[in-house]
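Please read the structure below before turning to the comments.
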Amino acid sequence: MGKKLTAEKQRDILEAGIAVFADGGFHTASMAAIARQAGISVGVLYRYYSGKEDLFHACLRHSLS
């Protein structure tokens, strides 16, 4: 298995998710668009989040903290 993402890269993913969700809403956001904005592959994104809803919840927790 690949190396674990740094805290900075994890934060980049959440910030990318927030931006993509804010731009078009939950239903039009895609894991591919979030991965592209974060500069990672979709496969890496799915290694850490089971799906769009899981990532959305993580983005909410991040934005509230």
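We name chains A, B, ... following the order of the structure tokens; residues begin at 1 in each chain, and ligands are numbered from 1 as shown.
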
Tell me, as a short mmCIF file (atom, residue, chain, number, x, y, z; two decimals) with C-alpha atoms, in the first residue's frame, which residues lie within 8 Å of Leu45 in chain A, counting only C-alpha atoms; anything in the same chain fewer than 5 positions away does not count.
data_model
loop_
_atom_site.label_atom_id
_atom_site.label_comp_id
_atom_site.auth_asym_id
_atom_site.auth_seq_id
_atom_site.Cartn_x
_atom_site.Cartn_y
_atom_site.Cartn_z
CA MET A 31 -15.03 12.93 -6.84
CA ALA A 35 -9.37 14.96 -6.94
CA ILE A 40 -4.39 13.71 -6.63
#

Distance table requested - range 17-46 of chain A against range 51-62 of chain A, cut-off 8 Å, only C-alpha atoms: one row per qualifying residue with the closest atom pair and its distance in Å to one decimal, ordered by chain and rising residue number, as CSV.
residue,atom,partner,partner_atom,distance
A:Gly17,CA,A:Cys59,CA,6.5
A:Ile18,CA,A:Cys59,CA,5.9
A:Phe21,CA,A:Phe56,CA,7.8
A:Phe26,CA,A:Phe56,CA,7.9
A:Ser30,CA,A:Lys52,CA,7.2
A:Met31,CA,A:Lys52,CA,6.3
A:Tyr46,CA,A:Gly51,CA,6.6

What does the structure give for the distance between CA of Lys9 in chain A and CA of Leu64 in chain A, in Å to one decimal?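 Straight-line distance from CA of Lys9 in chain A to CA of Leu64 in chain A works out to 18.6 Å.
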
From a DSSP pass on the backbone, collect the residues of chain A flagged as alpha helix (DSSP H) and hand them back as a PyMOL selection string. chain A and resi 7-24+31-38+42-48+52-64

Write the residues of the selection above to a file with C-alpha atoms, as a CSV table (one decimal), in the first residue's frame.
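Okay, selection-v2.csv is ready:
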chain,number,residue,atom,x,y,z
A,7,ALA,CA,-1.6,16.5,7.1
A,8,GLU,CA,-1.1,19.3,4.6
A,9,LYS,CA,-2.3,17.1,1.6
A,10,GLN,CA,-5.3,15.9,3.7
A,11,ARG,CA,-6.2,19.6,4.3
A,12,ASP,CA,-5.7,20.3,0.6
A,13,ILE,CA,-8.2,17.6,-0.2
A,14,LEU,CA,-10.8,19.0,2.2
A,15,GLU,CA,-10.3,22.5,1.0
A,16,ALA,CA,-10.7,21.3,-2.6
A,17,GLY,CA,-13.9,19.5,-1.6
A,18,ILE,CA,-15.3,22.6,0.1
A,19,ALA,CA,-14.5,24.7,-3.0
A,20,VAL,CA,-16.1,22.1,-5.4
A,21,PHE,CA,-19.2,21.6,-3.2
A,22,ALA,CA,-19.6,25.3,-2.8
A,23,ASP,CA,-19.3,26.0,-6.5
A,24,GLY,CA,-21.9,23.6,-7.8
A,31,MET,CA,-15.0,12.9,-6.8
A,32,ALA,CA,-13.1,13.4,-10.1
A,33,ALA,CA,-13.4,17.2,-9.9
A,34,ILE,CA,-12.4,17.2,-6.3
A,35,ALA,CA,-9.4,15.0,-6.9
A,36,ARG,CA,-8.3,17.1,-9.9
A,37,GLN,CA,-8.5,20.3,-7.8
A,38,ALA,CA,-6.6,18.7,-5.0
A,42,VAL,CA,-9.4,9.6,-7.9
A,43,GLY,CA,-8.1,6.3,-6.6
A,44,VAL,CA,-6.2,8.0,-3.8
A,45,LEU,CA,-9.3,10.0,-2.9
A,46,TYR,CA,-11.3,6.7,-2.7
A,47,ARG,CA,-8.6,5.2,-0.5
A,48,TYR,CA,-9.4,7.8,2.2
A,52,LYS,CA,-18.9,11.7,-2.1
A,53,GLU,CA,-21.2,11.7,1.0
A,54,ASP,CA,-18.3,10.6,3.2
A,55,LEU,CA,-16.1,13.3,1.8
A,56,PHE,CA,-18.8,15.9,2.1
A,57,HIS,CA,-19.2,15.1,5.8
A,58,ALA,CA,-15.5,15.4,6.3
A,59,CYS,CA,-15.5,18.8,4.6
A,60,LEU,CA,-18.3,19.9,6.9
A,61,ARG,CA,-16.4,18.8,10.0
A,62,HIS,CA,-13.2,20.5,8.7
A,63,SER,CA,-15.0,23.8,8.0
A,64,LEU,CA,-16.6,23.8,11.5
